[in-house]
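Everything on this sheet refers to the single structure shown next.
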Amino acid sequence: MTRFHTVRISAVAASLAVLAACGGNAETEAEETVAAASGEPAVIEERQENYEAIGDAFKAIRGQLESGEPDFAAIEASATEINERAQRIPDYFPAGTSVDEGYDTEALAVIWEEPAEFETAAQNFIDASAQLVTVAASGDAAAVGEQAKEMGGTCKACHDKFRLETD
Ligand code: HEC
């Protein structure tokens, strides 16, 4: 019993180390990296946390724009964080982690049925967030507002097609 637990935990730790070391190709590692308690691939929670952080950073940008006196350095930092997190999105979707597998996720099976479209949706977001970093450095509030809206459109475009509607 105790021995079983020890083995299991070190196996999870080892696969996490592999994941950290290669930083991609999550497919096989994710299957091994199963949260012991829930039986759910750990990658699902990781991608949800990534999206949460993206959402928080976007909220911070909107807050700055609505403040009347935007701190452009803060906007640029938030946009940079969003761009870095956007680039990780494709690694967070190993096969077998859709809502159809019974997991607590809003990832629709269409992500894997139309991988090129999903990749494009992610790339559009990466590009729009990179552009927001550039525009933030200009210190032009109207232009930043426009680009933030543009980037928000790439969130919505992906959600409309690839994320389960839950409300
Ligand atoms: C390439 C597709 C794609 C893009 C672009 C995208 N999302 Fe998502 N988002 C998803 C998917 C798929 C999920 C569901 C993930 C899951 O439940 O496993 C999700 C989930 C979320 C969640 C819920 C996370 C949770 O706790 O379950 C938030 C918040 C979110 N996205 C915000 C955003 C914001 C804000 C943007 C843009 C700034 C954005 N997303 C861009 C596909 C995308």
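Ligands are numbered from 1 in the order shown, chains are lettered A, B, ... in the order of the structure tokens, and residues start at 1 in each chain.
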Neighbours of ligand 1 at 8 Å or closer, counting only C-alpha atoms and all ligand atoms: which residues, as a PyMOL selection string? chain A and resi 44-45+47-56+58-59+82+86+89-90+97-98+104-108+111+118-126+129+151-159+162-164
Glu66 of chain A environment, 12 Å, only C-alpha atoms, sequence neighbours closer than 6 positions dropped, as a list of chain:residue names: A:Lys59, A:Ala60, A:Ile75, A:Ala141, A:Ala142, A:Val144, A:Gly145
Those residues you just picked out, can you put them in a file as an mmCIF file, in the first residue's frame with C-alpha atoms?
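This is the output file part.cif:
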data_model
loop_
_atom_site.group_PDB
_atom_site.id
_atom_site.type_symbol
_atom_site.label_atom_id
_atom_site.label_comp_id
_atom_site.auth_asym_id
_atom_site.auth_seq_id
_atom_site.Cartn_x
_atom_site.Cartn_y
_atom_site.Cartn_z
ATOM 1 C CA LYS A 59 -8.912 42.314 -17.415
ATOM 2 C CA ALA A 60 -5.944 44.296 -16.108
ATOM 3 C CA ILE A 75 -0.358 47.342 -20.341
ATOM 4 C CA ALA A 141 -4.619 54.990 -25.834
ATOM 5 C CA ALA A 142 -7.015 54.880 -28.796
ATOM 6 C CA VAL A 144 -4.239 50.330 -27.717
ATOM 7 C CA GLY A 145 -8.000 50.180 -27.226
#
Check the DSSP output for the backbone and give back, as a PyMOL selection string, the residues of segment 38-111 of chain A in helix (DSSP H, G or I). chain A and resi 42-66+72-92+99-101+110-111
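Proximity of A:Asp127, A:Ala42, A:Gly68, A:Glu113 to Thr80 of chain A, computed with only C-alpha atoms, is greatest for A:Asp127.
Across the structure, atom CA of Gln87 of chain A and atom CA of Ala109 of chain A are spaced 20.9 Å apart.
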What does the structure give for the distance between atom CA of Ala128 of chain A and atom CA of Ala79 of chain A, in Å to one decimal?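 Atom CA of Ala128 of chain A sits 9.7 Å away from atom CA of Ala79 of chain A.
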Find the distance between atom CA of Asp91 of chain A and atom CA of Glu76 of chain A and write it in Å to one decimal. 24.4 Å
